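I have placed the structure first, in the form of structure tokens, so that the comments after it can refer back to it.
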Amino acid sequence: MAEKNVQRLPAEELFQRELEALIAAEQDAVPTGWRMSPRSVLTYITGGVSVKGVDITPKYMGNRRLVEIAIATLVTDRALLLIGEPGTAKSWLSEHLAAAVNGDSTKVVQGTAGTTEEQIRYSWNYAMLIAKGPSLEAMVKSPIYRAMETGSIARLEEISRCASEVQDALISILSEKRLSVPELGLEVPAEKGFSVIATANTRDKGVNEMSAALKRRFNIVVLPTPSDMETEMEIVRTRVAQLSAGLDLNAKQPDKDTVEKVVTIFRELRSGATLDGKQKLKGTSGVLSTAEAISLLANSMALAGSFGSGEIDGEDLAAALQGAIVKDEEKDKVSWKEYLENVMKKRGSAWLPLYRACRELNP
Amino acid sequence: MGGPVLFGVRHLSPSAAYCLRQALDAHQPQLVLVEGPSDLNDQMHWLCHPQTQFPAAILAYTKKPPVRTILYPFACYSPEIQAILWAHEHRVECRFMDLPSDVFLALEEGAKETVDAEQEEARESEETGEPEPGENPEPSEPNVQEDTEWVYRQLETMTGEDHDTFWERNFEQIEGWQESSAAFQMFGEQLRETARDHPLRTAETLVREAYMRRVIQKAVESGVPEEKIFCVCGAFHVAGLREGPVMTEEEERTLPRTDSASTLMPYSYYRLSTRSGYGAGNKAPAYFELLWEERNRGDLAGLAGRYLVSLAAAHRKAGNLVSSAEVIEAVRLAGTLCAMRGSRYPCLQDLRDAAVTTMGHGAFSELAVAVAETEIGRRIGTLPEGVSRTSVQEDFYRQIKELRLEKYRTVELQNLDLDLRERLNIKDPATAILDLRRSFFLHRLRVLGISFATLLPSRQEGANWGEYWQLHWTPEVEIEIVESALLGDTIEGAAAFALKERGEKSTSIRDAASIFQDAFLCGMPSAARHALELLQTLSVDAAAISEVAETAQSLSLVVRYGDLRRFDTAPVIPLLRQLYLRACLTMEEACQCDAKTAPVVTAAMDRVNQLPLHHDFLDETPWLELLGRISDRDDLNTRCSGFAMATLLERGKADEELLAREVSRRLSPGVPADLGAGWFEGLASKNRYALIARLSLWQYLDSYLGTLDDKEFRRALVFLRRAFADFTPAEKNDIAENLGEIWGVNSGESAEQVMQELTHEEQETLSGLDEFDFDDI
């Protein structure tokens, strides 16, 4: 295994034991290029069972059917596009899928406004190019190129952030499953098992709208925000536990009550109405995703561990909430204040310490 | 083997129907008994009639209110229907064997009473702290569990799929009939063991099974060899029919009965899919029909392709692009999905998910229309002429004959123009008012929700005596007529009952007024009287001014045109007086409102204003005084004040001097833009010509706008744009002329300025206004 001090291990190393147990217990047919059967991949992602004495933790909580569709897509060698609001576990799911299928989730291209076609196909080591001329040694292969060669899965994050010519470079790769290198007179065919998992953000819609030709080459799965309170709380709790284990936060895990409060506040502000649907609320400019709730709790754990009692109290939480919710000073502050006065204040004694602490930050 | 053949099925399961036919071929029975009400045996031959097309249903209902019904819907893939058809084709005797429908209805009635009583008890026991064994957490929900729902819910949590999918995946795809039959039977037995039915439900099941056994026994006694009897029943009942007790003659005699009737009726796939619950419906009839066809063709593997191709076709028809490549991908994906779930062929859920992923770009909503088309379909059953006659149907056909409407009973859309006036040149009194009687009849159909006739908006010519209908006959209409049999024996009776029901539910005077209006249009004086009483009661409570005004207006219409419909309007007048008075008393208060509600209030003001003009018995003095006060007061919504001023002007109760005073006061420098322009907006929403003709008004407006600073002007602009939005080009032209005169420019030039298209720059400026904060306006 790699050195222990890395900040964040890739999924296949973090969950190595689980993956190995699943591979050892394999009973179904394994598709070419895969490390385990589609059903085992599903077990790895949805978890909740114990294989050969190893507990498989749930990686994606939510609609199991969506995971099935995603895996089935990869079996049919189609490319998979995961769409969703920010923080709906798109990249998380994509990483774990690649980890389970290939044991390698690191062939990633991060889509940005500055991503070039070379990063999708290949580029050159110019010193070598000048010294030796076009040759295989002078070539710098993109993650997608490497995935094609090895018959594995490449990941493309935030595809809709890329310019359209970069997106278009994918079309021929996905439809013909070949990549041509005219400089070397080379045609690289994709090995069996090659596929691409791309993610796109609904908030970026219209930034670089994907062309119909490219869209057609993907099976599209839309990941929803967690459908109910319980699921979201479960997600937040598990992830906070996993995250803090790697970060030495010196603080106690947040109790159920704290998680419930954070998730309640987030869900209410996100949907623009109280949970019982009786009161309309002003929304905020931020997305307030589940992922943010998770990092918020980790954040308040850090506060509590370093400067507080070691247990999250109202003040730690209030400071973290303030940072997460009030992104746009003017507007969000108004929404947040209204929420404090109209909703939280009336929730009774259980919410009182949090209300007071929040109130202090928003005089 | 011994004993009759008991073939357990799932209702509305294509695979069960298919296997059933094979089993019948193998057994060659002499008598086929089918689970269904045994008093309806004489209806059975209609089901085999060559002109009968499924879906069709048997409807049994109690004759006395409260009406209870039981419905047995059949599609062409219903096992019961296939058994009946098989028997018909092979000239084998076939009968229903379940409890007669009247006993069924009586049992249900009894059951309901017991349950009600029990719930009382349950509530009491809850108070004493005794826990109830049921898993129903909400005490408000009736404690009766739908037959086997509990098991289904368990299955759903275990498999993560709904129970229809569970069934399809595990039972619809079994190949041989023996294997299928064994599987169904096993499922039924296990279900019976695990089901946690309410004791009442269980009791009913036992009674039914004992009765069915009695029918079988009777058949044996009549000389049919036991092994030559073939029973088709729900898989759930197989065990009960094999071992349970037999009902004695004495017991049969003491079964409760109720006065009931039954009829065959055409049914539609749409209805079949909306009635949820086991046995009563299934969610995707058109899909199941596909499944049934493929099954008969012996090509279950081809189902995925056929479903997805028809889905793609429907999606294209709805105006979307679907490439064949996407369909191919969907077929492949569906195959992989079903392999992950471990079934042989993709089931509906796999197919639909695959289609959403490939054709729908991940969003079900994109495909929703096509899915409805492919899974539910538009099929409507038909029955031969003359079958299915309830008394309401008879009444309907009698009336359309008498009213000479028969030629409109076609699938083509036809228009019918009615002239409600009495024809003085015709002697026969009934014929003289034929059109009026037609109108009553069609309105009654409308009240019953029978979609035979649609009322078109009235035209300018003959606004008060003409009525325009569009008539269109569909099989759905027939179904709707049969359903209205539950409300009464005749169209009129049913309509009266429907209105009465609506009356019981209504809580606002607006509802009550619309009921009264309907009763009036239907020509049903007693129903109208009833609605009027209701209206009276409800109008005592506080109601919004807009409701009061609307109601008063509709009553006023009735009073004015009542005699055209031969309606005695005398009882309406006191109520109209009362509402008018109410409006006069509350209008002033209502004018203290924000800008959002101001249009509602002014509309109400306009309505009330009409009342004293039409009816001499309403005294107009208090109304005019009120308008004067509203117009004068400064603390009311200025738009309302402006509107009151306009109303006074229109009625000639305000002179030039008053107008001049008001205009200069309201539009004087220093008045905030929203108040000034709002007032003008109210003023300009009525009798515009009178305004346009008054040059002085425009002068005031012009100089007022001149005093506003930039920010204020932008505010005023919002109001003014709204005020002038619905002026006609001719009116705008006239205003331009006025302005031209004021500014001393050529009137044509200023008109050009006002009328010309916006330039790009101006557009920009205006769209800048969109960001204007409208919150407080």
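Ordered as shown in the structure tokens, chains take letters A, B, and onward, while each chain numbers its residues from 1 and ligands are numbered from 1 in the order shown.
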Between chain B and chain A, at 9 Å or less, what are the per-residue closest atom pairs and their distances in Å? Count only C-alpha atoms, order by chain and rising residue number, and return it as CSV.
residue,atom,partner,partner_atom,distance
B:Gly160,CA,A:Arg64,CA,8.1
B:Glu161,CA,A:Arg65,CA,9.0
B:Ser323,CA,A:Arg216,CA,9.0
B:Ala325,CA,A:Arg216,CA,8.7
B:Glu326,CA,A:Arg216,CA,7.4
B:Glu329,CA,A:Arg78,CA,8.3
B:Arg332,CA,A:Thr76,CA,6.8
B:Leu333,CA,A:Thr73,CA,6.2
B:Ala334,CA,A:Ala72,CA,8.3
B:Gly335,CA,A:Ala72,CA,8.8
B:Thr336,CA,A:Ala72,CA,5.4
B:Leu337,CA,A:Ala72,CA,5.7
B:Ala339,CA,A:Ala72,CA,9.0
B:Met340,CA,A:Arg39,CA,6.2
B:Arg341,CA,A:Arg39,CA,8.6
B:Asp350,CA,A:Ile69,CA,8.9
B:Asp353,CA,A:Ile69,CA,7.5
B:Ala354,CA,A:Ile69,CA,7.5
B:Val356,CA,A:Ile220,CA,8.3
B:Thr357,CA,A:Ile220,CA,5.1
B:Thr358,CA,A:Asn219,CA,5.1
B:Met359,CA,A:Arg216,CA,8.5
B:Gly360,CA,A:Ile220,CA,8.2
B:His361,CA,A:Ile220,CA,5.2
B:Gly362,CA,A:Val221,CA,4.8
B:Ala363,CA,A:Val222,CA,6.9
If you keep C-alpha atoms, can you produce a file of those selected residues as a PDB file, in the first residue's frame?
ATOM      1  CA  GLY B 160     -36.856  -3.374  -3.292  1.00  0.00           C
ATOM      2  CA  GLU B 161     -39.327  -3.656  -6.135  1.00  0.00           C
ATOM      3  CA  SER B 323     -33.040   7.309 -33.115  1.00  0.00           C
ATOM      4  CA  ALA B 325     -29.671   3.491 -32.124  1.00  0.00           C
ATOM      5  CA  GLU B 326     -31.229   4.633 -28.872  1.00  0.00           C
ATOM      6  CA  GLU B 329     -29.237   0.628 -26.683  1.00  0.00           C
ATOM      7  CA  ARG B 332     -29.429  -4.006 -24.557  1.00  0.00           C
ATOM      8  CA  LEU B 333     -29.588  -2.098 -21.304  1.00  0.00           C
ATOM      9  CA  ALA B 334     -32.909  -3.701 -20.378  1.00  0.00           C
ATOM     10  CA  GLY B 335     -31.337  -7.107 -20.990  1.00  0.00           C
ATOM     11  CA  THR B 336     -28.471  -6.330 -18.637  1.00  0.00           C
ATOM     12  CA  LEU B 337     -30.777  -4.908 -15.998  1.00  0.00           C
ATOM     13  CA  ALA B 339     -29.817 -10.192 -15.751  1.00  0.00           C
ATOM     14  CA  MET B 340     -28.752  -8.285 -12.661  1.00  0.00           C
ATOM     15  CA  ARG B 341     -32.120  -8.954 -11.121  1.00  0.00           C
ATOM     16  CA  ASP B 350     -36.446  -2.831 -16.597  1.00  0.00           C
ATOM     17  CA  ASP B 353     -35.784   2.301 -16.737  1.00  0.00           C
ATOM     18  CA  ALA B 354     -33.758   1.455 -19.822  1.00  0.00           C
ATOM     19  CA  VAL B 356     -35.601   6.588 -19.500  1.00  0.00           C
ATOM     20  CA  THR B 357     -31.832   6.213 -19.415  1.00  0.00           C
ATOM     21  CA  THR B 358     -31.284   6.075 -23.157  1.00  0.00           C
ATOM     22  CA  MET B 359     -34.225   7.881 -24.749  1.00  0.00           C
ATOM     23  CA  GLY B 360     -35.287  10.146 -21.908  1.00  0.00           C
ATOM     24  CA  HIS B 361     -31.875  11.539 -20.959  1.00  0.00           C
ATOM     25  CA  GLY B 362     -32.338  10.282 -17.454  1.00  0.00           C
ATOM     26  CA  ALA B 363     -35.600  12.083 -16.810  1.00  0.00           C
TER      27      ALA B 363
END
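Taking the backbone of this structure through DSSP, the residues of region 8-69 of chain A that come out as helix (DSSP H, G or I) are Ala11, Glu12, Glu13, Leu14, Gln16, Arg17, Glu18, Leu19, Glu20, Ala21, Leu22, Ile23, Ala24, Pro38, Arg39, Ser40, Val41, Leu42, Thr43, Tyr44, Ile45, Thr46, Arg64, Arg65, Leu66, Val67, Glu68 and Ile69 of chain A.
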Please write the residues from the selection above to a file, keeping N, CA and C atoms, as a compact mmCIF listing (two decimals), in the first residue's frame.
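Written file, selection14.txt:
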# COMPACT_ATOMS: atom_id res chain seq x y z
N ALA A 11 -10.38 5.41 -3.51
CA ALA A 11 -11.38 4.47 -2.98
C ALA A 11 -10.86 3.05 -2.93
N GLU A 12 -10.13 2.64 -3.98
CA GLU A 12 -9.73 1.24 -4.03
C GLU A 12 -8.73 0.89 -2.92
N GLU A 13 -8.02 1.90 -2.39
CA GLU A 13 -7.12 1.59 -1.28
C GLU A 13 -7.84 1.70 0.05
N LEU A 14 -8.74 2.67 0.12
CA LEU A 14 -9.49 2.87 1.35
C LEU A 14 -10.36 1.64 1.65
N GLN A 16 -9.95 -1.46 0.36
CA GLN A 16 -9.29 -2.60 -0.23
C GLN A 16 -9.81 -3.93 0.31
N ARG A 17 -10.00 -3.98 1.65
CA ARG A 17 -10.45 -5.22 2.27
C ARG A 17 -11.80 -5.67 1.71
N GLU A 18 -12.69 -4.71 1.58
CA GLU A 18 -14.02 -5.05 1.08
C GLU A 18 -13.93 -5.58 -0.34
N LEU A 19 -13.14 -4.88 -1.17
CA LEU A 19 -13.02 -5.30 -2.56
C LEU A 19 -12.44 -6.70 -2.66
N GLU A 20 -11.43 -6.96 -1.86
CA GLU A 20 -10.80 -8.27 -1.92
C GLU A 20 -11.75 -9.36 -1.49
N ALA A 21 -12.52 -9.07 -0.42
CA ALA A 21 -13.48 -10.07 0.05
C ALA A 21 -14.50 -10.38 -1.04
N LEU A 22 -14.97 -9.34 -1.71
CA LEU A 22 -15.97 -9.54 -2.76
C LEU A 22 -15.39 -10.35 -3.91
N ILE A 23 -14.14 -10.06 -4.27
CA ILE A 23 -13.52 -10.80 -5.37
C ILE A 23 -13.36 -12.26 -4.98
N ALA A 24 -12.97 -12.48 -3.73
CA ALA A 24 -12.76 -13.85 -3.28
C ALA A 24 -14.06 -14.64 -3.26
N PRO A 38 -21.07 -7.81 -12.12
CA PRO A 38 -21.90 -6.63 -11.88
C PRO A 38 -22.64 -6.70 -10.55
N ARG A 39 -23.07 -7.90 -10.18
CA ARG A 39 -23.82 -8.00 -8.95
C ARG A 39 -22.94 -7.68 -7.73
N SER A 40 -21.69 -8.09 -7.81
CA SER A 40 -20.78 -7.78 -6.69
C SER A 40 -20.50 -6.29 -6.64
N VAL A 41 -20.42 -5.66 -7.82
CA VAL A 41 -20.22 -4.21 -7.84
C VAL A 41 -21.39 -3.54 -7.13
N LEU A 42 -22.58 -4.04 -7.41
CA LEU A 42 -23.78 -3.49 -6.77
C LEU A 42 -23.69 -3.66 -5.26
N THR A 43 -23.28 -4.86 -4.83
CA THR A 43 -23.14 -5.11 -3.40
C THR A 43 -22.13 -4.15 -2.78
N TYR A 44 -21.01 -3.94 -3.50
CA TYR A 44 -19.99 -3.04 -2.99
C TYR A 44 -20.54 -1.63 -2.80
N ILE A 45 -21.33 -1.17 -3.77
CA ILE A 45 -21.83 0.21 -3.70
C ILE A 45 -22.94 0.35 -2.67
N THR A 46 -23.91 -0.57 -2.69
CA THR A 46 -25.06 -0.38 -1.81
C THR A 46 -24.81 -0.94 -0.42
N ARG A 64 -31.45 2.49 -5.06
CA ARG A 64 -30.64 1.35 -5.47
C ARG A 64 -30.78 1.10 -6.96
N ARG A 65 -31.98 1.38 -7.46
CA ARG A 65 -32.25 1.12 -8.86
C ARG A 65 -31.32 1.95 -9.76
N LEU A 66 -31.04 3.17 -9.35
CA LEU A 66 -30.16 4.03 -10.15
C LEU A 66 -28.77 3.42 -10.26
N VAL A 67 -28.31 2.84 -9.16
CA VAL A 67 -27.00 2.21 -9.18
C VAL A 67 -27.03 1.02 -10.14
N GLU A 68 -28.10 0.26 -10.08
CA GLU A 68 -28.24 -0.88 -11.00
C GLU A 68 -28.14 -0.41 -12.44
N ILE A 69 -28.86 0.66 -12.75
CA ILE A 69 -28.84 1.15 -14.13
C ILE A 69 -27.43 1.58 -14.51
Residue contacts of Glu179 (chain B) (12 Å, only C-alpha atoms) excluding same-chain residues fewer than 6 positions away, as a list in words:
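Residues near the query, excluding close chain neighbours: Ser15, Ala16, Cys19, Leu20, Gln22, Ala23, Asn170, Phe171, Glu172, Gln173, Gln185 and Met186 of chain B.
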Those selected residues, please, written with C-alpha atoms and delivered as a PDB file, in the first residue's frame.
ATOM      1  CA  SER B  15     -49.441 -15.680 -18.362  1.00  0.00           C
ATOM      2  CA  ALA B  16     -52.112 -17.252 -16.163  1.00  0.00           C
ATOM      3  CA  CYS B  19     -51.461 -21.425 -19.202  1.00  0.00           C
ATOM      4  CA  LEU B  20     -55.107 -21.789 -18.299  1.00  0.00           C
ATOM      5  CA  GLN B  22     -53.404 -25.050 -22.222  1.00  0.00           C
ATOM      6  CA  ALA B  23     -54.558 -26.669 -19.030  1.00  0.00           C
ATOM      7  CA  ASN B 170     -41.073 -14.411 -11.114  1.00  0.00           C
ATOM      8  CA  PHE B 171     -44.353 -15.659 -12.497  1.00  0.00           C
ATOM      9  CA  GLU B 172     -45.126 -14.159 -15.879  1.00  0.00           C
ATOM     10  CA  GLN B 173     -42.079 -15.652 -17.553  1.00  0.00           C
ATOM     11  CA  GLN B 185     -50.623 -22.500  -6.540  1.00  0.00           C
ATOM     12  CA  MET B 186     -47.571 -22.401  -4.335  1.00  0.00           C
TER      13      MET B 186
END
Rounded to one decimal, what separation in Å do you get between CA of Leu296 (chain A) and CA of Leu275 (chain A)?
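A separation of 20.6 Å between them.
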Between B:Asp594, B:Pro14, B:Ala654, B:Glu589, which has the minimum distance to Arg633 (chain B) (counting only C-alpha atoms)?
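Ranking B:Asp594, B:Pro14, B:Ala654, B:Glu589 by distance to Arg633 (chain B), first place goes to B:Glu589.
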From a backbone DSSP assignment, name each residue in region 168-242 of chain B labelled strand (DSSP E or B), as a list in words.
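DSSP-assigned strand (DSSP E or B) residues in region 168-242 of chain B: Ile229, Phe230, Cys231, Val232, Cys233 and Gly234 of chain B.
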Counting only C-alpha atoms, what is within 12 Å of Ala198 (chain A), bar same-chain residues fewer than 3 positions away, as number ranges by chain?
A: 70, 74, 78-84, 90-95, 97-98, 107-111, 144, 153-162, 167, 170, 174, 195, 201, 210, 214-215, 217-222
At a cut-off of 10 Å, using only C-alpha atoms, what residues contact Ser289 (chain A)? Leave out same-chain residues fewer than 4 positions from it and give the result as a list in words.
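The contact residues come out as Glu85, Pro86, Gly87, Thr88, Ala89, Thr225, Pro226, Val263, Phe266, Arg267, Arg270, Ala293 and Ile294 of chain A.
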Filtering to C-alpha atoms, could you give me those residues as an mmCIF file, in the first residue's frame?
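Once written, result.cif looks like this:
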data_model
loop_
_atom_site.group_PDB
_atom_site.id
_atom_site.type_symbol
_atom_site.label_atom_id
_atom_site.label_comp_id
_atom_site.auth_asym_id
_atom_site.auth_seq_id
_atom_site.Cartn_x
_atom_site.Cartn_y
_atom_site.Cartn_z
ATOM 1 C CA GLU A 85 -27.152 19.034 -8.393
ATOM 2 C CA PRO A 86 -23.768 19.821 -6.834
ATOM 3 C CA GLY A 87 -23.112 17.501 -3.932
ATOM 4 C CA THR A 88 -25.371 14.636 -4.919
ATOM 5 C CA ALA A 89 -22.487 12.144 -4.869
ATOM 6 C CA THR A 225 -31.026 14.881 -3.745
ATOM 7 C CA PRO A 226 -31.774 12.425 -0.935
ATOM 8 C CA VAL A 263 -30.048 18.173 7.963
ATOM 9 C CA PHE A 266 -30.412 22.280 5.040
ATOM 10 C CA ARG A 267 -33.474 20.496 3.717
ATOM 11 C CA ARG A 270 -33.022 23.934 0.054
ATOM 12 C CA ALA A 293 -23.742 19.292 5.349
ATOM 13 C CA ILE A 294 -21.037 16.671 5.719
#
Compile the contact shell of Ile235 (chain A) as a list in words: residues with an atom at most 8 Å away, counting only C-alpha atoms, same-chain residues fewer than 3 positions apart removed.
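Contacts, in chain order: Met61, Thr231, Glu232, Thr238, Arg239 and Thr290 of chain A.
Each of B:Gly676, B:Gly188, B:Leu575, B:Ser484 was compared to Arg529 (chain B) using only C-alpha atoms, and B:Leu575 turns out to be the nearest.
Between CA of Arg271 (chain B) and CA of Trp292 (chain B) the interatomic distance comes to 19.3 Å.
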Find the spatial neighbours of Ala604 (chain B), counting only C-alpha atoms, within a cut-off of 8 Å - ignore same-chain residues fewer than 4 positions away - and output them as a ChimeraX atom specification.
/B:545-546,549-550,600,608
Quick one: write out the picked residues with N, CA and C atoms as a PDB file, in the first residue's frame?
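Everything below was put into selection-v7.pdb:
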ATOM      1  N   ILE B 545     -65.177  40.159  -0.508  1.00  0.00           N
ATOM      2  CA  ILE B 545     -66.008  41.034  -1.328  1.00  0.00           C
ATOM      3  C   ILE B 545     -66.138  40.501  -2.751  1.00  0.00           C
ATOM      4  N   SER B 546     -65.041  39.898  -3.256  1.00  0.00           N
ATOM      5  CA  SER B 546     -65.099  39.415  -4.633  1.00  0.00           C
ATOM      6  C   SER B 546     -66.119  38.292  -4.762  1.00  0.00           C
ATOM      7  N   ALA B 549     -69.594  39.756  -4.680  1.00  0.00           N
ATOM      8  CA  ALA B 549     -69.937  40.417  -5.930  1.00  0.00           C
ATOM      9  C   ALA B 549     -70.235  39.399  -7.024  1.00  0.00           C
ATOM     10  N   GLU B 550     -69.395  38.362  -7.116  1.00  0.00           N
ATOM     11  CA  GLU B 550     -69.625  37.349  -8.141  1.00  0.00           C
ATOM     12  C   GLU B 550     -70.963  36.668  -7.954  1.00  0.00           C
ATOM     13  N   VAL B 600     -58.671  42.822  -7.937  1.00  0.00           N
ATOM     14  CA  VAL B 600     -59.804  41.992  -7.520  1.00  0.00           C
ATOM     15  C   VAL B 600     -60.914  42.877  -6.982  1.00  0.00           C
ATOM     16  N   VAL B 608     -70.683  45.016  -8.721  1.00  0.00           N
ATOM     17  CA  VAL B 608     -71.747  45.540  -7.865  1.00  0.00           C
ATOM     18  C   VAL B 608     -72.388  46.750  -8.536  1.00  0.00           C
TER      19      VAL B 608
END
